[in-house]
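Text of target-v6.txt, listed as compact mmCIF, C-alpha atoms and all ligand atoms:
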# COMPACT_ATOMS: atom_id res chain seq x y z
CA MET A 1 -117.71 -5.83 -45.79
CA THR A 2 -114.21 -4.69 -46.74
CA ARG A 3 -111.61 -6.14 -44.41
CA THR A 4 -108.55 -4.13 -43.39
CA ALA A 5 -105.01 -5.51 -43.19
CA ILE A 6 -101.83 -4.04 -41.73
CA ILE A 7 -98.71 -5.57 -43.29
CA THR A 8 -95.47 -4.49 -41.65
CA GLY A 9 -92.39 -4.30 -43.87
CA SER A 10 -94.48 -4.26 -47.05
CA THR A 11 -92.41 -1.86 -49.15
CA SER A 12 -90.25 -4.76 -50.40
CA GLY A 13 -89.97 -8.51 -50.87
CA ILE A 14 -92.35 -10.87 -49.10
CA GLY A 15 -94.44 -8.13 -47.46
CA LEU A 16 -95.01 -6.49 -50.83
CA GLY A 17 -95.97 -9.88 -52.30
CA ILE A 18 -98.48 -10.37 -49.48
CA ALA A 19 -99.85 -6.85 -50.11
CA GLU A 20 -100.32 -7.73 -53.80
CA ALA A 21 -102.31 -10.82 -52.81
CA PHE A 22 -104.53 -8.86 -50.41
CA ALA A 23 -105.03 -6.08 -52.99
CA ALA A 24 -106.20 -8.67 -55.53
CA GLN A 25 -108.86 -9.70 -53.00
CA GLY A 26 -110.05 -6.13 -52.44
CA PHE A 27 -108.81 -5.50 -48.90
CA ASN A 28 -108.05 -2.12 -47.37
CA ILE A 29 -104.31 -2.20 -46.70
CA MET A 30 -102.00 -0.19 -44.45
CA LEU A 31 -98.52 -0.54 -45.92
CA ASN A 32 -95.43 -0.02 -43.78
CA GLY A 33 -91.68 -0.11 -44.25
CA PHE A 34 -88.69 1.95 -45.26
CA GLY A 35 -87.55 3.16 -48.66
CA ASP A 36 -87.49 6.09 -51.04
CA ALA A 37 -90.61 8.23 -50.48
CA ASN A 38 -91.42 8.52 -54.21
CA GLU A 39 -91.07 4.76 -54.75
CA ILE A 40 -93.27 4.02 -51.73
CA GLU A 41 -95.93 6.41 -53.02
CA ALA A 42 -95.77 4.75 -56.47
CA THR A 43 -96.21 1.32 -54.81
CA ARG A 44 -99.12 2.59 -52.72
CA ALA A 45 -100.85 4.13 -55.76
CA ASP A 46 -100.32 0.95 -57.82
CA LEU A 47 -101.81 -1.29 -55.10
CA ASP A 48 -104.63 1.19 -54.48
CA ALA A 49 -105.55 0.99 -58.18
CA LYS A 50 -105.49 -2.82 -58.06
CA SER A 51 -107.61 -3.15 -54.90
CA ALA A 52 -111.33 -2.57 -54.54
CA GLY A 53 -110.38 -1.28 -51.07
CA THR A 54 -108.13 1.65 -50.13
CA VAL A 55 -104.37 1.36 -49.74
CA ALA A 56 -102.57 3.73 -47.33
CA TYR A 57 -99.05 3.93 -45.89
CA HIS A 58 -97.64 4.51 -42.40
CA GLY A 59 -93.89 4.83 -41.87
CA ALA A 60 -93.65 3.43 -38.31
CA ASP A 61 -90.17 2.23 -37.36
CA MET A 62 -90.56 -1.30 -35.97
CA THR A 63 -87.89 -0.62 -33.33
CA LYS A 64 -90.09 2.12 -31.78
CA PRO A 65 -93.05 0.94 -29.64
CA ASP A 66 -94.74 4.37 -29.67
CA GLN A 67 -94.62 4.50 -33.48
CA ILE A 68 -95.98 0.93 -33.66
CA ALA A 69 -98.90 1.88 -31.40
CA ASP A 70 -99.55 4.86 -33.69
CA LEU A 71 -99.56 2.56 -36.75
CA VAL A 72 -102.37 0.49 -35.23
CA ALA A 73 -104.30 3.51 -33.90
CA THR A 74 -104.05 5.36 -37.23
CA THR A 75 -105.29 2.29 -39.14
CA GLU A 76 -108.24 1.84 -36.77
CA ALA A 77 -109.08 5.56 -37.08
CA GLN A 78 -108.86 5.56 -40.89
CA PHE A 79 -110.57 2.24 -41.65
CA GLY A 80 -112.58 1.53 -38.49
CA ALA A 81 -110.80 -1.76 -37.71
CA VAL A 82 -107.69 -3.86 -38.01
CA ASP A 83 -109.02 -7.26 -39.12
CA ILE A 84 -105.77 -8.77 -40.32
CA LEU A 85 -102.32 -8.13 -38.93
CA VAL A 86 -99.32 -9.47 -40.81
CA ASN A 87 -96.08 -9.09 -38.84
CA ASN A 88 -93.50 -9.35 -41.58
CA ALA A 89 -90.82 -6.66 -41.16
CA GLY A 90 -87.41 -8.21 -40.67
CA ILE A 91 -83.67 -7.80 -41.11
CA GLN A 92 -80.71 -10.18 -41.09
CA HIS A 93 -77.08 -10.13 -39.99
CA VAL A 94 -74.67 -13.03 -40.29
CA ALA A 95 -71.68 -13.38 -37.93
CA PRO A 96 -70.25 -15.87 -35.41
CA VAL A 97 -71.93 -15.44 -32.02
CA GLU A 98 -68.76 -14.28 -30.25
CA GLU A 99 -68.29 -11.49 -32.83
CA PHE A 100 -71.96 -10.62 -33.22
CA PRO A 101 -72.31 -6.79 -33.08
CA LEU A 102 -74.41 -5.71 -30.08
CA ASP A 103 -76.39 -3.17 -32.08
CA LYS A 104 -77.28 -5.81 -34.71
CA TRP A 105 -78.45 -8.22 -31.99
CA ASP A 106 -80.70 -5.54 -30.47
CA ALA A 107 -82.09 -4.44 -33.85
CA ILE A 108 -82.90 -8.00 -34.99
CA ILE A 109 -84.61 -8.87 -31.71
CA ALA A 110 -86.58 -5.58 -31.86
CA ILE A 111 -87.65 -5.72 -35.51
CA ASN A 112 -88.02 -9.48 -36.08
CA MET A 113 -89.59 -10.35 -32.72
CA SER A 114 -90.58 -7.60 -30.28
CA SER A 115 -92.38 -5.51 -32.93
CA ALA A 116 -94.94 -8.34 -33.25
CA PHE A 117 -95.58 -8.19 -29.50
CA HIS A 118 -96.22 -4.45 -29.81
CA THR A 119 -98.54 -4.68 -32.85
CA ILE A 120 -100.47 -7.59 -31.32
CA ARG A 121 -100.79 -5.83 -27.98
CA ALA A 122 -102.30 -2.81 -29.75
CA ALA A 123 -104.51 -4.62 -32.30
CA LEU A 124 -105.87 -7.59 -30.32
CA PRO A 125 -108.36 -5.67 -28.11
CA GLY A 126 -110.26 -4.39 -31.18
CA MET A 127 -110.21 -7.84 -32.80
CA LYS A 128 -111.62 -9.44 -29.64
CA GLU A 129 -114.29 -6.75 -29.36
CA ARG A 130 -115.43 -7.34 -32.95
CA GLY A 131 -115.10 -11.13 -32.64
CA PHE A 132 -112.88 -11.46 -35.70
CA GLY A 133 -109.17 -11.28 -36.31
CA ARG A 134 -106.36 -12.92 -38.21
CA ILE A 135 -102.78 -12.51 -37.02
CA ILE A 136 -100.07 -13.89 -39.27
CA ASN A 137 -96.45 -13.78 -38.15
CA VAL A 138 -93.91 -14.23 -40.91
CA ALA A 139 -91.34 -16.37 -39.11
CA SER A 140 -88.95 -18.56 -41.12
CA ALA A 141 -87.69 -22.10 -41.45
CA HIS A 142 -85.24 -20.59 -38.96
CA GLY A 143 -88.16 -20.45 -36.52
CA LEU A 144 -88.03 -24.27 -36.49
CA VAL A 145 -84.39 -25.17 -37.14
CA ALA A 146 -81.07 -23.35 -36.80
CA SER A 147 -78.15 -22.48 -39.06
CA PRO A 148 -74.75 -21.30 -37.85
CA TYR A 149 -73.87 -17.58 -37.71
CA LYS A 150 -77.50 -16.46 -37.47
CA SER A 151 -77.87 -16.41 -33.67
CA ALA A 152 -80.03 -13.27 -33.42
CA TYR A 153 -82.24 -14.20 -36.38
CA VAL A 154 -82.80 -17.79 -35.25
CA THR A 155 -83.49 -16.61 -31.69
CA ALA A 156 -86.02 -14.01 -32.88
CA LYS A 157 -87.75 -16.43 -35.25
CA HIS A 158 -88.03 -19.18 -32.62
CA GLY A 159 -89.36 -16.50 -30.27
CA ILE A 160 -92.06 -15.42 -32.68
CA VAL A 161 -93.22 -19.02 -33.03
CA GLY A 162 -93.62 -19.10 -29.23
CA LEU A 163 -95.52 -15.81 -29.27
CA THR A 164 -97.78 -17.19 -32.01
CA LYS A 165 -98.76 -20.23 -29.94
CA THR A 166 -99.31 -18.22 -26.75
CA VAL A 167 -101.53 -15.57 -28.32
CA ALA A 168 -103.43 -18.25 -30.27
CA LEU A 169 -104.45 -19.80 -26.94
CA GLU A 170 -105.38 -16.43 -25.42
CA ALA A 171 -107.49 -15.41 -28.46
CA ALA A 172 -109.02 -18.78 -29.33
CA GLN A 173 -112.51 -18.06 -28.04
CA HIS A 174 -112.76 -14.62 -29.64
CA GLY A 175 -112.80 -15.47 -33.37
CA VAL A 176 -109.13 -14.53 -33.63
CA THR A 177 -106.59 -16.93 -35.13
CA VAL A 178 -102.83 -16.54 -34.77
CA ASN A 179 -100.44 -18.41 -37.02
CA ALA A 180 -96.83 -18.30 -38.12
CA VAL A 181 -95.69 -18.87 -41.69
CA CYS A 182 -92.19 -20.31 -41.98
CA PRO A 183 -90.69 -19.66 -45.42
CA GLY A 184 -87.58 -21.27 -46.76
CA TYR A 185 -85.39 -19.13 -49.03
CA VAL A 186 -87.16 -16.50 -51.10
CA LEU A 187 -85.17 -14.44 -53.58
CA THR A 188 -85.82 -10.98 -52.06
CA PRO A 189 -83.42 -8.06 -51.41
CA LEU A 190 -82.78 -9.54 -47.92
CA VAL A 191 -81.37 -12.74 -49.45
CA GLU A 192 -79.83 -11.19 -52.57
CA GLY A 193 -77.77 -8.95 -50.25
CA GLN A 194 -76.09 -12.01 -48.73
CA ILE A 195 -75.03 -13.57 -52.07
CA PRO A 196 -71.98 -11.47 -53.11
CA ASP A 197 -70.39 -11.65 -49.64
CA THR A 198 -70.98 -15.38 -49.39
CA ALA A 199 -69.47 -15.88 -52.87
CA LYS A 200 -66.40 -13.87 -51.88
CA ALA A 201 -66.04 -15.60 -48.50
CA ARG A 202 -66.24 -19.09 -50.03
CA GLY A 203 -64.42 -18.33 -53.31
CA ILE A 204 -67.32 -19.54 -55.46
CA THR A 205 -69.64 -17.93 -58.02
CA GLU A 206 -72.95 -16.31 -57.14
CA GLU A 207 -74.80 -19.08 -59.04
CA GLU A 208 -72.95 -21.65 -56.90
CA VAL A 209 -73.99 -19.74 -53.76
CA LYS A 210 -77.65 -20.01 -54.83
CA ARG A 211 -77.49 -23.71 -55.70
CA ASP A 212 -74.95 -25.13 -53.25
CA VAL A 213 -75.37 -22.83 -50.23
CA LEU A 214 -78.85 -21.28 -50.15
CA LEU A 215 -80.74 -24.13 -51.76
CA ALA A 216 -78.55 -26.85 -50.23
CA ALA A 217 -81.14 -27.39 -47.50
CA GLN A 218 -84.16 -26.94 -49.77
CA PRO A 219 -85.02 -30.32 -51.35
CA THR A 220 -87.08 -28.82 -54.20
CA LYS A 221 -83.99 -26.80 -55.28
CA GLU A 222 -86.41 -23.98 -56.03
CA PHE A 223 -86.76 -20.66 -54.23
CA VAL A 224 -90.12 -20.11 -52.52
CA THR A 225 -91.99 -17.28 -54.28
CA VAL A 226 -93.69 -14.22 -52.81
CA GLU A 227 -96.82 -15.20 -54.77
CA GLN A 228 -96.94 -18.56 -52.95
CA LEU A 229 -96.59 -16.78 -49.59
CA GLY A 230 -99.28 -14.26 -50.53
CA ALA A 231 -101.68 -17.11 -51.28
CA VAL A 232 -100.91 -18.79 -47.94
CA CYS A 233 -101.63 -15.52 -46.12
CA THR A 234 -104.93 -14.88 -47.90
CA PHE A 235 -105.99 -18.46 -47.07
CA LEU A 236 -105.07 -18.00 -43.38
CA SER A 237 -107.12 -14.77 -43.43
CA SER A 238 -110.22 -16.45 -44.83
CA GLU A 239 -113.33 -17.79 -43.10
CA ALA A 240 -112.26 -21.28 -44.25
CA ALA A 241 -109.19 -21.05 -41.98
CA ALA A 242 -111.19 -20.29 -38.80
CA SER A 243 -110.00 -23.54 -37.16
CA VAL A 244 -106.37 -23.12 -38.14
CA THR A 245 -104.66 -21.49 -35.19
CA GLY A 246 -101.41 -21.77 -33.27
CA ILE A 247 -99.50 -23.39 -36.12
CA ALA A 248 -96.06 -22.71 -37.52
CA MET A 249 -96.53 -23.63 -41.17
CA PRO A 250 -93.41 -24.43 -43.17
CA VAL A 251 -93.48 -23.14 -46.76
CA ASP A 252 -89.94 -24.25 -47.45
CA GLY A 253 -89.69 -26.81 -50.25
CA GLY A 254 -89.21 -29.61 -47.71
CA TRP A 255 -86.33 -28.04 -45.73
CA VAL A 256 -87.52 -28.86 -42.19
CA ALA A 257 -88.76 -32.35 -43.19
CA GLN A 258 -85.14 -33.55 -43.27
P1 LIG A 301 -86.82 -7.38 -47.48
O1 LIG A 301 -85.53 -6.81 -47.04
O2 LIG A 301 -87.12 -7.48 -48.94
O3 LIG A 301 -88.04 -6.59 -46.80
C1 LIG A 301 -88.01 -6.25 -45.43
C2 LIG A 301 -89.08 -5.21 -45.17
O4 LIG A 301 -89.00 -4.82 -43.78
C3 LIG A 301 -88.86 -3.92 -45.98
O5 LIG A 301 -90.13 -3.39 -46.35
C4 LIG A 301 -88.17 -3.00 -44.98
O6 LIG A 301 -88.35 -1.61 -45.25
C5 LIG A 301 -88.90 -3.41 -43.72
N1 LIG A 301 -88.19 -3.00 -42.51
C6 LIG A 301 -86.91 -3.26 -42.14
N2 LIG A 301 -86.63 -2.66 -40.98
C7 LIG A 301 -87.76 -2.02 -40.59
C8 LIG A 301 -88.10 -1.23 -39.47
N3 LIG A 301 -87.22 -0.94 -38.49
N4 LIG A 301 -89.35 -0.71 -39.42
C9 LIG A 301 -90.25 -0.94 -40.40
N5 LIG A 301 -89.98 -1.70 -41.47
C10 LIG A 301 -88.75 -2.22 -41.56
O7 LIG A 301 -86.89 -8.81 -46.78
P2 LIG A 301 -87.83 -10.08 -47.03
O8 LIG A 301 -86.96 -11.18 -47.50
O9 LIG A 301 -89.04 -9.73 -47.81
O10 LIG A 301 -88.22 -10.42 -45.52
C11 LIG A 301 -89.52 -10.22 -44.99
C12 LIG A 301 -89.71 -11.15 -43.82
O11 LIG A 301 -89.65 -12.50 -44.27
C13 LIG A 301 -88.66 -11.00 -42.72
O12 LIG A 301 -89.26 -11.13 -41.45
C14 LIG A 301 -87.74 -12.19 -43.00
O13 LIG A 301 -87.06 -12.61 -41.83
C15 LIG A 301 -88.74 -13.22 -43.46
N6 LIG A 301 -88.16 -14.32 -44.23
C16 LIG A 301 -87.48 -14.08 -45.39
C17 LIG A 301 -86.96 -15.16 -46.08
C18 LIG A 301 -86.22 -14.99 -47.38
O14 LIG A 301 -85.63 -15.96 -47.86
N7 LIG A 301 -86.24 -13.82 -48.01
C19 LIG A 301 -87.11 -16.46 -45.61
C20 LIG A 301 -87.81 -16.66 -44.41
C21 LIG A 301 -88.33 -15.57 -43.74

Representation of the structure as structure tokens:
Amino acid sequence: MTRTAIITGSTSGIGLGIAEAFAAQGFNIMLNGFGDANEIEATRADLDAKSAGTVAYHGADMTKPDQIADLVATTEAQFGAVDILVNNAGIQHVAPVEEFPLDKWDAIIAINMSSAFHTIRAALPGMKERGFGRIINVASAHGLVASPYKSAYVTAKHGIVGLTKTVALEAAQHGVTVNAVCPGYVLTPLVEGQIPDTAKARGITEEEVKRDVLLAAQPTKEFVTVEQLGAVCTFLSSEAAASVTGIAMPVDGGWVAQ
């Protein structure tokens, strides 16, 4: 049986890496995320060619509950089920709490946290009915520990860890597991975008930002890779992971061990 996965925010970075891992295992995939329409179509076609399953795209905006409900309904209509739900879409904004822009706070809470409530609310009934489901919430090391100037992001990521545990308990007797993955720093557009500003603000080079700022808290001194995160997600989606539920799994080079 071909399983079907929705991966939110999969037009870039970690979500795209997770989509690559699922494509390699022959899943049907519903991609989601923003970007240039031609580039998204090229990504979809490339993944579709790599997967034994079918790869489609839905452009739901993760700040819009009605569009999120349509993402889940469209996937169920096209593929007959949503077996795996990866809540990955996310944005970042860095500012002291007393200067934090209100619109950025609302957007981060909506995209990084509330969107997972909306996708889960829509997808869980079908999973329970079929007696199988895998929900994976891409949280962050910032779901477990804080850093200054990231109040909205740290709040949203701690929130999604709480949501993970709660839904894991509610779904436990229905063959549905719910887990959070907590990456350390991954060199994606989201992180690369922070490097020039940080270099300017601190008067150091971009290489120094990577080594002394971003990787300062990461004992391995290596960025986590999207391939590593893809492999974690395919494991959590497997039959072998049926007893793994309610966890917040650090994949962070030792960051939160300190
Ligand atoms: P990215 O910027 O490369 O990708 C983010 C994805 O989310 C893109 O596909 C984008 O189009 C999509 N997106 C943004 N706003 C959206 C919206 N309103 N509706 C639908 N899609 C939207 O970022 P990334 O680094 O790959 O981050 C992915 C996830 O991983 C985020 O939740 C992020 O918090 C988390 N994370 C990233 C890192 C890191 O170091 N990069 C570390 C820990 C956790």

| task | For ligand LIG 301 (chain A), list the contacting residues at 6 Å or closer, counting all atoms listed in the file, as a ChimeraX atom specification. | result | /A:9-15,33-35,60-63,88-91,111-112,138-140,183-191

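Straight-line separation from CA of Gly53 in chain A to CA of Asp66 in chain A: 27.1 Å.
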
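For Pro96 in chain A, the non-local neighbours within 8 Å, defined as residues at least 2 positions apart in the same chain or in other chains and counting all atoms listed in the file, are Val94, Glu98, Glu99, Phe100, Pro148, Tyr149, Lys150 and Ser151 of chain A.
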
| request: Could you tell me which of A:Ile160, A:Val232, A:Ile6, A:Ala69 comes closest to Ala110 in chain A if we count only C-alpha atoms? | output: A:Ile160

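When only C-alpha atoms are used to compute distances to Arg44 in chain A, the closest of the residues A:Ala241, A:Leu16, A:Ile68, A:Ile84 turns out to be A:Leu16.
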
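Compared by their closest atoms to Asn32 in chain A, and using all atoms listed in the file, the residues A:Ser238, A:Gly17, A:Ala45, A:Leu71 rank with A:Leu71 nearest.
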
| Best match for closeness to Ala37 in chain A among A:Arg130, A:Gly59, A:Ala21, A:Thr8, counting all atoms listed in the file | A:Gly59

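Shortest separation to Ala156 in chain A among A:Val55, A:Met113, A:Leu102, A:Ala172 occurs at residue A:Met113, atoms counted being all atoms listed in the file.
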
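Reported to one decimal place, the separation of CA of Met1 in chain A from CA of Gln25 in chain A is 12.1 Å.
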
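Compared by their closest atoms to Leu229 in chain A, and using all atoms listed in the file, the residues A:Ile120, A:Leu31, A:Ala19, A:Leu215 rank with A:Ala19 nearest.
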
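The space separating CA of Pro125 in chain A from CA of Leu169 in chain A comes to 14.7 Å.
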
| request: Can you pull out every residue within 12 Å of Thr166 in chain A, counting all atoms listed in the file, but drop anything in the same chain fewer than 2 positions away, and send it as a ChimeraX atom specification? | output: /A:117,120,159-164,168-172,177-180,245-247

| query | So which residues touch Met127 in chain A within 8 Å, counting only C-alpha atoms, skipping near sequence neighbours fewer than 5 positions away, as a ChimeraX atom specification? | reply | /A:81-83,132-133,174,176

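Summary of the local environment: counting all atoms listed in the file, residues at most 12 Å from Glu208 in chain A, other than itself and those fewer than 5 positions away along its chain, are Ile195, Pro196, Thr198, Ala199, Lys200, Arg202, Gly203, Val213, Leu214, Leu215 and Ala216 of chain A.
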
Based on the selection just made, write C-alpha atoms of those residues as a compact mmCIF listing (two decimals), keeping the file's coordinate frame.
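Heads up, here's the output in part-v4.txt:
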# COMPACT_ATOMS: atom_id res chain seq x y z
CA ILE A 195 -75.03 -13.57 -52.07
CA PRO A 196 -71.98 -11.47 -53.11
CA THR A 198 -70.98 -15.38 -49.39
CA ALA A 199 -69.47 -15.88 -52.87
CA LYS A 200 -66.40 -13.87 -51.88
CA ARG A 202 -66.24 -19.09 -50.03
CA GLY A 203 -64.42 -18.33 -53.31
CA VAL A 213 -75.37 -22.83 -50.23
CA LEU A 214 -78.85 -21.28 -50.15
CA LEU A 215 -80.74 -24.13 -51.76
CA ALA A 216 -78.55 -26.85 -50.23
